[in-house]
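Colleague: Structure file protein04.txt, compact mmCIF, N, CA and C atoms, is pasted below:
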# COMPACT_ATOMS: atom_id res chain seq x y z
N MET W 1 0.85 -1.17 0.00
CA MET W 1 0.00 0.00 0.00
C MET W 1 0.90 1.23 0.00
N ARG W 2 0.44 2.30 -0.65
CA ARG W 2 1.20 3.56 -0.65
C ARG W 2 0.29 4.71 -0.23
N ILE W 3 0.86 5.62 0.53
CA ILE W 3 0.17 6.87 0.83
C ILE W 3 0.92 7.98 0.10
N VAL W 4 0.20 9.05 -0.20
CA VAL W 4 0.77 10.17 -0.94
C VAL W 4 0.43 11.46 -0.21
N LYS W 5 1.44 12.31 -0.04
CA LYS W 5 1.25 13.64 0.56
C LYS W 5 1.94 14.65 -0.33
N SER W 6 1.34 15.81 -0.51
CA SER W 6 1.93 16.82 -1.37
C SER W 6 2.07 18.14 -0.64
N MET W 7 2.94 18.96 -1.19
CA MET W 7 3.11 20.32 -0.70
C MET W 7 3.54 21.19 -1.87
N SER W 8 3.32 22.47 -1.74
CA SER W 8 3.76 23.40 -2.77
C SER W 8 4.74 24.40 -2.16
N PHE W 9 5.57 24.96 -3.03
CA PHE W 9 6.47 26.02 -2.60
C PHE W 9 6.81 26.88 -3.81
N ASP W 10 7.20 28.10 -3.55
CA ASP W 10 7.61 29.03 -4.58
C ASP W 10 9.07 29.38 -4.34
N ALA W 11 9.85 29.34 -5.41
CA ALA W 11 11.28 29.59 -5.23
C ALA W 11 11.89 30.09 -6.53
N ALA W 12 13.05 30.70 -6.40
CA ALA W 12 13.82 31.17 -7.55
C ALA W 12 15.01 30.26 -7.76
N HIS W 13 15.50 30.24 -8.99
CA HIS W 13 16.73 29.52 -9.29
C HIS W 13 17.27 29.99 -10.63
N PHE W 14 18.46 29.54 -10.94
CA PHE W 14 19.03 29.76 -12.27
C PHE W 14 19.89 28.55 -12.58
N LEU W 15 20.01 28.26 -13.85
CA LEU W 15 20.77 27.09 -14.31
C LEU W 15 21.89 27.59 -15.19
N GLU W 16 23.00 27.92 -14.56
CA GLU W 16 24.09 28.60 -15.25
C GLU W 16 24.97 27.69 -16.09
N HIS W 17 24.71 26.39 -16.10
CA HIS W 17 25.54 25.49 -16.90
C HIS W 17 25.33 25.70 -18.40
N ASP W 18 24.35 26.50 -18.75
CA ASP W 18 24.07 26.79 -20.16
C ASP W 18 23.92 28.31 -20.32
N PRO W 19 24.96 29.08 -19.94
CA PRO W 19 24.83 30.54 -19.89
C PRO W 19 24.48 31.15 -21.24
N GLY W 20 23.44 31.94 -21.21
CA GLY W 20 23.05 32.71 -22.38
C GLY W 20 22.33 31.93 -23.46
N ALA W 21 22.43 30.63 -23.46
CA ALA W 21 21.82 29.84 -24.52
C ALA W 21 20.31 29.70 -24.32
N ARG W 22 19.87 29.76 -23.09
CA ARG W 22 18.44 29.60 -22.80
C ARG W 22 18.06 30.61 -21.72
N PRO W 23 16.79 30.96 -21.66
CA PRO W 23 16.38 31.96 -20.66
C PRO W 23 16.54 31.49 -19.22
N TYR W 24 16.57 30.18 -18.98
CA TYR W 24 16.69 29.72 -17.60
C TYR W 24 18.08 29.90 -17.02
N ALA W 25 19.01 30.41 -17.80
CA ALA W 25 20.32 30.76 -17.25
C ALA W 25 20.22 32.01 -16.37
N ARG W 26 19.17 32.83 -16.61
CA ARG W 26 18.93 34.01 -15.76
C ARG W 26 18.09 33.60 -14.56
N MET W 27 18.23 34.33 -13.46
CA MET W 27 17.42 34.04 -12.29
C MET W 27 15.95 34.24 -12.63
N HIS W 28 15.13 33.28 -12.18
CA HIS W 28 13.69 33.34 -12.40
C HIS W 28 13.03 32.47 -11.33
N GLY W 29 11.72 32.52 -11.26
CA GLY W 29 11.02 31.77 -10.22
C GLY W 29 9.93 30.87 -10.76
N HIS W 30 9.53 29.92 -9.93
CA HIS W 30 8.47 28.97 -10.26
C HIS W 30 7.64 28.70 -9.02
N SER W 31 6.44 28.23 -9.25
CA SER W 31 5.66 27.54 -8.23
C SER W 31 5.89 26.05 -8.46
N PHE W 32 6.29 25.36 -7.42
CA PHE W 32 6.59 23.93 -7.50
C PHE W 32 5.56 23.14 -6.71
N LEU W 33 5.32 21.92 -7.13
CA LEU W 33 4.49 20.98 -6.39
C LEU W 33 5.35 19.74 -6.14
N MET W 34 5.44 19.32 -4.88
CA MET W 34 6.19 18.12 -4.53
C MET W 34 5.23 17.10 -3.93
N GLU W 35 5.29 15.88 -4.43
CA GLU W 35 4.50 14.78 -3.89
C GLU W 35 5.44 13.69 -3.43
N VAL W 36 5.16 13.12 -2.27
CA VAL W 36 5.95 12.00 -1.77
C VAL W 36 5.04 10.79 -1.59
N GLU W 37 5.57 9.63 -1.94
CA GLU W 37 4.85 8.38 -1.78
C GLU W 37 5.62 7.50 -0.80
N ILE W 38 4.91 6.99 0.18
CA ILE W 38 5.51 6.11 1.19
C ILE W 38 4.75 4.80 1.16
N GLU W 39 5.51 3.72 1.10
CA GLU W 39 4.94 2.39 0.94
C GLU W 39 5.10 1.59 2.23
N GLY W 40 4.14 0.75 2.49
CA GLY W 40 4.24 -0.15 3.63
C GLY W 40 2.92 -0.82 3.92
N GLU W 41 2.96 -1.67 4.91
CA GLU W 41 1.74 -2.33 5.37
C GLU W 41 1.16 -1.52 6.52
N PRO W 42 -0.13 -1.33 6.55
CA PRO W 42 -0.72 -0.62 7.68
C PRO W 42 -0.43 -1.35 9.00
N ALA W 43 -0.06 -0.58 10.00
CA ALA W 43 0.21 -1.15 11.32
C ALA W 43 -1.09 -1.69 11.92
N ALA W 44 -0.98 -2.80 12.60
CA ALA W 44 -2.17 -3.43 13.19
C ALA W 44 -2.84 -2.53 14.22
N ASP W 45 -2.04 -1.78 14.99
CA ASP W 45 -2.63 -0.97 16.06
C ASP W 45 -3.23 0.34 15.59
N THR W 46 -2.73 0.90 14.45
CA THR W 46 -3.24 2.20 13.99
C THR W 46 -4.00 2.12 12.68
N GLY W 47 -3.67 1.12 11.87
CA GLY W 47 -4.26 1.05 10.53
C GLY W 47 -3.55 1.95 9.53
N TRP W 48 -2.44 2.58 9.94
CA TRP W 48 -1.71 3.53 9.09
C TRP W 48 -0.44 2.91 8.54
N VAL W 49 -0.09 3.30 7.32
CA VAL W 49 1.24 3.02 6.79
C VAL W 49 2.23 3.86 7.58
N VAL W 50 2.00 5.15 7.65
CA VAL W 50 2.67 6.08 8.56
C VAL W 50 1.65 7.16 8.91
N ASP W 51 1.90 7.84 9.96
CA ASP W 51 1.02 8.92 10.40
C ASP W 51 1.17 10.10 9.44
N PHE W 52 0.08 10.51 8.80
CA PHE W 52 0.13 11.66 7.90
C PHE W 52 0.63 12.91 8.62
N GLY W 53 0.39 13.00 9.92
CA GLY W 53 0.90 14.14 10.69
C GLY W 53 2.42 14.19 10.67
N ASP W 54 3.07 13.03 10.77
CA ASP W 54 4.53 12.98 10.70
C ASP W 54 5.03 13.40 9.32
N VAL W 55 4.32 12.96 8.28
CA VAL W 55 4.71 13.34 6.92
C VAL W 55 4.52 14.84 6.73
N SER W 56 3.42 15.38 7.23
CA SER W 56 3.17 16.82 7.12
C SER W 56 4.26 17.63 7.81
N GLU W 57 4.68 17.20 8.98
CA GLU W 57 5.74 17.91 9.70
C GLU W 57 7.05 17.88 8.92
N ALA W 58 7.37 16.74 8.33
CA ALA W 58 8.60 16.64 7.54
C ALA W 58 8.53 17.53 6.30
N LEU W 59 7.38 17.56 5.65
CA LEU W 59 7.24 18.41 4.48
C LEU W 59 7.24 19.89 4.86
N ASP W 60 6.71 20.21 6.03
CA ASP W 60 6.77 21.60 6.50
C ASP W 60 8.23 22.04 6.68
N ARG W 61 9.08 21.13 7.18
CA ARG W 61 10.50 21.47 7.33
C ARG W 61 11.15 21.70 5.96
N LEU W 62 10.79 20.87 4.98
CA LEU W 62 11.32 21.08 3.63
C LEU W 62 10.82 22.40 3.06
N ARG W 63 9.53 22.68 3.25
CA ARG W 63 8.97 23.94 2.74
C ARG W 63 9.69 25.14 3.35
N GLU W 64 9.98 25.07 4.65
CA GLU W 64 10.70 26.16 5.31
C GLU W 64 12.06 26.38 4.67
N THR W 65 12.71 25.31 4.26
CA THR W 65 14.02 25.40 3.63
C THR W 65 13.92 25.93 2.19
N LEU W 66 12.87 25.57 1.47
CA LEU W 66 12.76 25.86 0.04
C LEU W 66 11.95 27.10 -0.31
N ASP W 67 10.89 27.36 0.43
CA ASP W 67 9.90 28.36 0.02
C ASP W 67 10.46 29.78 0.07
N HIS W 68 10.25 30.49 -1.03
CA HIS W 68 10.70 31.87 -1.18
C HIS W 68 12.19 32.03 -0.93
N ARG W 69 12.93 31.07 -1.47
CA ARG W 69 14.40 31.07 -1.38
C ARG W 69 15.00 31.00 -2.77
N LEU W 70 16.27 31.29 -2.85
CA LEU W 70 17.06 31.05 -4.05
C LEU W 70 17.63 29.64 -3.90
N LEU W 71 17.11 28.71 -4.66
CA LEU W 71 17.47 27.31 -4.48
C LEU W 71 18.96 27.07 -4.65
N ASN W 72 19.61 27.83 -5.50
CA ASN W 72 21.06 27.67 -5.73
C ASN W 72 21.87 27.86 -4.45
N GLU W 73 21.32 28.54 -3.45
CA GLU W 73 22.04 28.82 -2.21
C GLU W 73 21.84 27.74 -1.15
N ILE W 74 21.01 26.74 -1.44
CA ILE W 74 20.74 25.67 -0.47
C ILE W 74 21.76 24.56 -0.68
N GLU W 75 22.39 24.14 0.41
CA GLU W 75 23.39 23.09 0.32
C GLU W 75 22.79 21.83 -0.33
N GLY W 76 23.44 21.36 -1.36
CA GLY W 76 22.96 20.20 -2.10
C GLY W 76 22.12 20.55 -3.30
N LEU W 77 21.71 21.82 -3.41
CA LEU W 77 20.90 22.25 -4.56
C LEU W 77 21.60 23.35 -5.36
N GLU W 78 22.89 23.31 -5.39
CA GLU W 78 23.62 24.35 -6.11
C GLU W 78 23.27 24.35 -7.60
N ARG W 79 22.86 23.21 -8.13
CA ARG W 79 22.34 23.10 -9.50
C ARG W 79 20.90 22.57 -9.38
N PRO W 80 19.93 23.47 -9.18
CA PRO W 80 18.58 23.06 -8.81
C PRO W 80 17.67 22.68 -9.99
N THR W 81 18.03 21.61 -10.67
CA THR W 81 17.15 21.04 -11.68
C THR W 81 16.03 20.27 -10.98
N LEU W 82 14.97 19.95 -11.69
CA LEU W 82 13.93 19.12 -11.09
C LEU W 82 14.51 17.80 -10.61
N GLU W 83 15.43 17.24 -11.40
CA GLU W 83 16.05 15.98 -11.03
C GLU W 83 16.79 16.09 -9.70
N ASN W 84 17.56 17.15 -9.53
CA ASN W 84 18.32 17.33 -8.30
C ASN W 84 17.43 17.67 -7.11
N ILE W 85 16.34 18.38 -7.35
CA ILE W 85 15.40 18.66 -6.26
C ILE W 85 14.78 17.36 -5.76
N CYS W 86 14.42 16.47 -6.67
CA CYS W 86 13.88 15.16 -6.28
C CYS W 86 14.88 14.38 -5.43
N GLN W 87 16.11 14.30 -5.89
CA GLN W 87 17.13 13.55 -5.16
C GLN W 87 17.42 14.18 -3.80
N TRP W 88 17.46 15.50 -3.76
CA TRP W 88 17.70 16.21 -2.50
C TRP W 88 16.58 15.90 -1.50
N ALA W 89 15.33 15.98 -1.97
CA ALA W 89 14.19 15.71 -1.08
C ALA W 89 14.23 14.27 -0.58
N ALA W 90 14.58 13.34 -1.44
CA ALA W 90 14.67 11.95 -1.02
C ALA W 90 15.73 11.78 0.06
N LYS W 91 16.86 12.44 -0.10
CA LYS W 91 17.93 12.37 0.89
C LYS W 91 17.46 12.93 2.24
N MET W 92 16.69 14.01 2.20
CA MET W 92 16.21 14.64 3.44
C MET W 92 15.14 13.78 4.13
N LEU W 93 14.30 13.10 3.35
CA LEU W 93 13.16 12.37 3.92
C LEU W 93 13.45 10.91 4.24
N SER W 94 14.38 10.30 3.54
CA SER W 94 14.63 8.86 3.70
C SER W 94 14.93 8.42 5.13
N PRO W 95 15.72 9.17 5.90
CA PRO W 95 16.01 8.70 7.26
C PRO W 95 14.76 8.54 8.14
N ASP W 96 13.76 9.39 7.93
CA ASP W 96 12.55 9.32 8.75
C ASP W 96 11.49 8.40 8.18
N PHE W 97 11.59 8.09 6.89
CA PHE W 97 10.56 7.29 6.23
C PHE W 97 11.22 6.20 5.38
N PRO W 98 11.57 5.07 6.01
CA PRO W 98 12.23 4.01 5.26
C PRO W 98 11.38 3.46 4.12
N GLY W 99 10.08 3.66 4.18
CA GLY W 99 9.19 3.21 3.11
C GLY W 99 9.06 4.20 1.96
N LEU W 100 9.85 5.28 1.98
CA LEU W 100 9.78 6.27 0.90
C LEU W 100 10.08 5.59 -0.43
N ARG W 101 9.18 5.74 -1.39
CA ARG W 101 9.35 5.06 -2.67
C ARG W 101 9.41 6.00 -3.86
N ARG W 102 8.82 7.18 -3.76
CA ARG W 102 8.79 8.05 -4.93
C ARG W 102 8.69 9.50 -4.49
N ILE W 103 9.42 10.34 -5.22
CA ILE W 103 9.32 11.80 -5.09
C ILE W 103 8.95 12.31 -6.48
N ARG W 104 7.96 13.16 -6.51
CA ARG W 104 7.53 13.77 -7.78
C ARG W 104 7.56 15.28 -7.58
N VAL W 105 8.32 15.99 -8.42
CA VAL W 105 8.37 17.44 -8.34
C VAL W 105 7.98 17.99 -9.70
N SER W 106 7.04 18.93 -9.67
CA SER W 106 6.58 19.51 -10.94
C SER W 106 6.51 21.02 -10.86
N ARG W 107 6.54 21.59 -12.05
CA ARG W 107 6.28 23.01 -12.25
C ARG W 107 5.04 23.07 -13.12
N PRO W 108 3.86 23.10 -12.49
CA PRO W 108 2.61 23.00 -13.25
C PRO W 108 2.45 24.04 -14.36
N SER W 109 2.95 25.27 -14.14
CA SER W 109 2.77 26.30 -15.17
C SER W 109 3.56 25.98 -16.44
N ASN W 110 4.59 25.16 -16.31
CA ASN W 110 5.40 24.77 -17.48
C ASN W 110 5.03 23.40 -18.01
N GLY W 111 4.21 22.66 -17.26
CA GLY W 111 3.89 21.31 -17.67
C GLY W 111 5.08 20.36 -17.57
N GLU W 112 5.99 20.63 -16.60
CA GLU W 112 7.21 19.84 -16.45
C GLU W 112 7.20 19.10 -15.11
N THR W 113 7.62 17.84 -15.15
CA THR W 113 7.62 17.00 -13.95
C THR W 113 8.81 16.07 -13.99
N CYS W 114 9.37 15.79 -12.82
CA CYS W 114 10.38 14.75 -12.66
C CYS W 114 9.87 13.79 -11.61
N ILE W 115 9.99 12.50 -11.88
CA ILE W 115 9.60 11.46 -10.94
C ILE W 115 10.85 10.65 -10.59
N TYR W 116 11.13 10.56 -9.31
CA TYR W 116 12.29 9.84 -8.82
C TYR W 116 11.81 8.66 -8.00
N ASP W 117 12.06 7.45 -8.47
CA ASP W 117 11.74 6.25 -7.72
C ASP W 117 12.93 5.92 -6.83
N VAL W 118 12.71 6.00 -5.54
CA VAL W 118 13.78 5.83 -4.56
C VAL W 118 14.16 4.36 -4.46
Would you mind writing the file's structure down as structure tokens?
Modeller:
Amino acid sequence: MRIVKSMSFDAAHFLEHDPGARPYARMHGHSFLMEVEIEGEPAADTGWVVDFGDVSEALDRLRETLDHRLLNEIEGLERPTLENICQWAAKMLSPDFPGLRRIRVSRPSNGETCIYDV
């Protein structure tokens, strides 16, 4: 069984590895949507795979780190592609959620998504 929890955040970034060739080399911002999937068997005593409250608290900590920030300045996100944001989030969440199976990060206004199967 899998549970899914999502959160949104707004942040700026730039991708300087392609300077001048594309507009994303300049600083710009996006609204992002992050979804996490956690897999497991529901516990006999609670009926939960994990407590959604625990997942919400973990995502709130990520939001505090990411929201209204320049992603390039966050340790581990110096090159903040969707792919790297997924991997970074997985690294942050995995210790607390051994059943973490998927991170999905999208920029809905661009129709772009990255899915990382942990």
Colleague: As a ChimeraX atom specification, please: all residues of chain W that backbone DSSP puts in helix (DSSP H, G or I).
Modeller: /W:23-25,52-66,71-73,82-93
Colleague: With all atoms listed in the file as the basis for distance, which of W:Ser6, W:Ile115, W:Thr65, W:Ile74 is at the shortest distance from Cys86 (chain W)?
Modeller: W:Ile115
Colleague: Quick one: distance from atom N of Leu71 (chain W) to atom C of His13 (chain W) in Å, one decimal?
Modeller: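 Separation between atom N of Leu71 (chain W) and atom C of His13 (chain W): 6.1 Å.
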Colleague: Would you compute, for all listed atoms of region 35-54 of chain W, the axis-aligned bounding box grown by 5 Å on each side, and then report its centre and edge lengths in Å rounded to one decimal, as JSON?
Modeller:
{"center_x": 0.8, "center_y": 6.2, "center_z": 5.8, "size_x": 20.2, "size_y": 29.3, "size_z": 30.5}
Colleague: Identify which of the residues W:Val105, W:Leu59, W:Leu70, W:Leu77 lies closest to Leu93 (chain W), counting only N, CA and C atoms when measuring atom-to-atom distances.
Modeller: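 Using only N, CA and C atoms, Leu93 (chain W) sits closest to W:Leu59.
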Colleague: Quick one: everything within 8 Å of Ile3 (chain W), counting only C-alpha atoms, minus sequence neighbours fewer than 4 positions away in the same chain. Send it as a CSV table (one decimal) with N, CA and C atoms, keeping the file's coordinate frame.
Modeller:
chain,number,residue,atom,x,y,z
W,37,GLU,N,5.6,9.6,-1.9
W,37,GLU,CA,4.8,8.4,-1.8
W,37,GLU,C,5.6,7.5,-0.8
W,38,ILE,N,4.9,7.0,0.2
W,38,ILE,CA,5.5,6.1,1.2
W,38,ILE,C,4.8,4.8,1.2
W,39,GLU,N,5.5,3.7,1.1
W,39,GLU,CA,4.9,2.4,0.9
W,39,GLU,C,5.1,1.6,2.2
W,49,VAL,N,-0.1,3.3,7.3
W,49,VAL,CA,1.2,3.0,6.8
W,49,VAL,C,2.2,3.9,7.6
Colleague: Name the residues within 8 Å of (9.0, 14.2, -11.1), counting all atoms listed in the file in the file's coordinates, and put them as a PyMOL selection string.
Modeller: chain W and resi 35+82-83+86+103-107+112-117
Colleague: For Ser31 (chain W), work out the shell of residues within 6 Å, counting all atoms listed in the file and skipping chain neighbours fewer than 2 positions away, then give it as a list in words.
Modeller: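 The residues satisfying every condition are Phe9, Asp10, Ala11, Gly29, Leu33, Ser106, Arg107 and Pro108 of chain W.
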Colleague: Suppose you want the space between CA of Gly76 (chain W) and CA of Trp88 (chain W); what is it in Å?
Modeller: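 Computing the Euclidean distance for CA of Gly76 (chain W) and CA of Trp88 (chain W) yields 6.6 Å.
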Colleague: Hey, which of W:Gln87, W:Thr81, W:Thr46, W:Asn110 ends up closest to Ala25 (chain W)? Count only C-alpha atoms.
Modeller: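 Checking each of W:Gln87, W:Thr81, W:Thr46, W:Asn110 against Ala25 (chain W), counting only C-alpha atoms, the winner is W:Thr81.
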Colleague: Quick one: pull the distance between atom N of Val36 (chain W) and atom N of Met1 (chain W), Å, one decimal.
Modeller: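 Going from atom N of Val36 (chain W) over to atom N of Met1 (chain W), I get 15.1 Å.
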Colleague: Give the answer as one residue: which of W:Asp60, W:Arg26, W:Pro42, W:Gly47 has the shortest atom-to-atom distance to Met7 (chain W), using only C-alpha atoms?
Modeller: W:Asp60
Colleague: Have a look at W:Pro80, W:Ala90, W:Gly40, W:Val118 and name the one nearest to Leu66 (chain W); count only C-alpha atoms.
Modeller: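 Of all the options, W:Pro80 lies closest to Leu66 (chain W).
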Colleague: Could you pull out all residues of chain W with a DSSP call of strand (DSSP E) and give them as number ranges by chain?
Modeller: W: 2-13, 28-39, 100-107, 112-117
Colleague: Atoms to include: N, CA and C atoms. Write the selected residues as an mmCIF file, in the coordinates of the input.
Modeller:
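The result, stored in part_2.cif:
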data_model
loop_
_atom_site.group_PDB
_atom_site.id
_atom_site.type_symbol
_atom_site.label_atom_id
_atom_site.label_comp_id
_atom_site.auth_asym_id
_atom_site.auth_seq_id
_atom_site.Cartn_x
_atom_site.Cartn_y
_atom_site.Cartn_z
ATOM 1 N N ARG W 2 0.440 2.300 -0.650
ATOM 2 C CA ARG W 2 1.200 3.560 -0.650
ATOM 3 C C ARG W 2 0.290 4.710 -0.230
ATOM 4 N N ILE W 3 0.860 5.620 0.530
ATOM 5 C CA ILE W 3 0.170 6.870 0.830
ATOM 6 C C ILE W 3 0.920 7.980 0.100
ATOM 7 N N VAL W 4 0.200 9.050 -0.200
ATOM 8 C CA VAL W 4 0.770 10.170 -0.940
ATOM 9 C C VAL W 4 0.430 11.460 -0.210
ATOM 10 N N LYS W 5 1.440 12.310 -0.040
ATOM 11 C CA LYS W 5 1.250 13.640 0.560
ATOM 12 C C LYS W 5 1.940 14.650 -0.330
ATOM 13 N N SER W 6 1.340 15.810 -0.510
ATOM 14 C CA SER W 6 1.930 16.820 -1.370
ATOM 15 C C SER W 6 2.070 18.140 -0.640
ATOM 16 N N MET W 7 2.940 18.960 -1.190
ATOM 17 C CA MET W 7 3.110 20.320 -0.700
ATOM 18 C C MET W 7 3.540 21.190 -1.870
ATOM 19 N N SER W 8 3.320 22.470 -1.740
ATOM 20 C CA SER W 8 3.760 23.400 -2.770
ATOM 21 C C SER W 8 4.740 24.400 -2.160
ATOM 22 N N PHE W 9 5.570 24.960 -3.030
ATOM 23 C CA PHE W 9 6.470 26.020 -2.600
ATOM 24 C C PHE W 9 6.810 26.880 -3.810
ATOM 25 N N ASP W 10 7.200 28.100 -3.550
ATOM 26 C CA ASP W 10 7.610 29.030 -4.580
ATOM 27 C C ASP W 10 9.070 29.380 -4.340
ATOM 28 N N ALA W 11 9.850 29.340 -5.410
ATOM 29 C CA ALA W 11 11.280 29.590 -5.230
ATOM 30 C C ALA W 11 11.890 30.090 -6.530
ATOM 31 N N ALA W 12 13.050 30.700 -6.400
ATOM 32 C CA ALA W 12 13.820 31.170 -7.550
ATOM 33 C C ALA W 12 15.010 30.260 -7.760
ATOM 34 N N HIS W 13 15.500 30.240 -8.990
ATOM 35 C CA HIS W 13 16.730 29.520 -9.290
ATOM 36 C C HIS W 13 17.270 29.990 -10.630
ATOM 37 N N HIS W 28 15.130 33.280 -12.180
ATOM 38 C CA HIS W 28 13.690 33.340 -12.400
ATOM 39 C C HIS W 28 13.030 32.470 -11.330
ATOM 40 N N GLY W 29 11.720 32.520 -11.260
ATOM 41 C CA GLY W 29 11.020 31.770 -10.220
ATOM 42 C C GLY W 29 9.930 30.870 -10.760
ATOM 43 N N HIS W 30 9.530 29.920 -9.930
ATOM 44 C CA HIS W 30 8.470 28.970 -10.260
ATOM 45 C C HIS W 30 7.640 28.700 -9.020
ATOM 46 N N SER W 31 6.440 28.230 -9.250
ATOM 47 C CA SER W 31 5.660 27.540 -8.230
ATOM 48 C C SER W 31 5.890 26.050 -8.460
ATOM 49 N N PHE W 32 6.290 25.360 -7.420
ATOM 50 C CA PHE W 32 6.590 23.930 -7.500
ATOM 51 C C PHE W 32 5.560 23.140 -6.710
ATOM 52 N N LEU W 33 5.320 21.920 -7.130
ATOM 53 C CA LEU W 33 4.490 20.980 -6.390
ATOM 54 C C LEU W 33 5.350 19.740 -6.140
ATOM 55 N N MET W 34 5.440 19.320 -4.880
ATOM 56 C CA MET W 34 6.190 18.120 -4.530
ATOM 57 C C MET W 34 5.230 17.100 -3.930
ATOM 58 N N GLU W 35 5.290 15.880 -4.430
ATOM 59 C CA GLU W 35 4.500 14.780 -3.890
ATOM 60 C C GLU W 35 5.440 13.690 -3.430
ATOM 61 N N VAL W 36 5.160 13.120 -2.270
ATOM 62 C CA VAL W 36 5.950 12.000 -1.770
ATOM 63 C C VAL W 36 5.040 10.790 -1.590
ATOM 64 N N GLU W 37 5.570 9.630 -1.940
ATOM 65 C CA GLU W 37 4.850 8.380 -1.780
ATOM 66 C C GLU W 37 5.620 7.500 -0.800
ATOM 67 N N ILE W 38 4.910 6.990 0.180
ATOM 68 C CA ILE W 38 5.510 6.110 1.190
ATOM 69 C C ILE W 38 4.750 4.800 1.160
ATOM 70 N N GLU W 39 5.510 3.720 1.100
ATOM 71 C CA GLU W 39 4.940 2.390 0.940
ATOM 72 C C GLU W 39 5.100 1.590 2.230
ATOM 73 N N LEU W 100 9.850 5.280 1.980
ATOM 74 C CA LEU W 100 9.780 6.270 0.900
ATOM 75 C C LEU W 100 10.080 5.590 -0.430
ATOM 76 N N ARG W 101 9.180 5.740 -1.390
ATOM 77 C CA ARG W 101 9.350 5.060 -2.670
ATOM 78 C C ARG W 101 9.410 6.000 -3.860
ATOM 79 N N ARG W 102 8.820 7.180 -3.760
ATOM 80 C CA ARG W 102 8.790 8.050 -4.930
ATOM 81 C C ARG W 102 8.690 9.500 -4.490
ATOM 82 N N ILE W 103 9.420 10.340 -5.220
ATOM 83 C CA ILE W 103 9.320 11.800 -5.090
ATOM 84 C C ILE W 103 8.950 12.310 -6.480
ATOM 85 N N ARG W 104 7.960 13.160 -6.510
ATOM 86 C CA ARG W 104 7.530 13.770 -7.780
ATOM 87 C C ARG W 104 7.560 15.280 -7.580
ATOM 88 N N VAL W 105 8.320 15.990 -8.420
ATOM 89 C CA VAL W 105 8.370 17.440 -8.340
ATOM 90 C C VAL W 105 7.980 17.990 -9.700
ATOM 91 N N SER W 106 7.040 18.930 -9.670
ATOM 92 C CA SER W 106 6.580 19.510 -10.940
ATOM 93 C C SER W 106 6.510 21.020 -10.860
ATOM 94 N N ARG W 107 6.540 21.590 -12.050
ATOM 95 C CA ARG W 107 6.280 23.010 -12.250
ATOM 96 C C ARG W 107 5.040 23.070 -13.120
ATOM 97 N N GLU W 112 5.990 20.630 -16.600
ATOM 98 C CA GLU W 112 7.210 19.840 -16.450
ATOM 99 C C GLU W 112 7.200 19.100 -15.110
ATOM 100 N N THR W 113 7.620 17.840 -15.150
ATOM 101 C CA THR W 113 7.620 17.000 -13.950
ATOM 102 C C THR W 113 8.810 16.070 -13.990
ATOM 103 N N CYS W 114 9.370 15.790 -12.820
ATOM 104 C CA CYS W 114 10.380 14.750 -12.660
ATOM 105 C C CYS W 114 9.870 13.790 -11.610
ATOM 106 N N ILE W 115 9.990 12.500 -11.880
ATOM 107 C CA ILE W 115 9.600 11.460 -10.940
ATOM 108 C C ILE W 115 10.850 10.650 -10.590
ATOM 109 N N TYR W 116 11.130 10.560 -9.310
ATOM 110 C CA TYR W 116 12.290 9.840 -8.820
ATOM 111 C C TYR W 116 11.810 8.660 -8.000
ATOM 112 N N ASP W 117 12.060 7.450 -8.470
ATOM 113 C CA ASP W 117 11.740 6.250 -7.720
ATOM 114 C C ASP W 117 12.930 5.920 -6.830
#
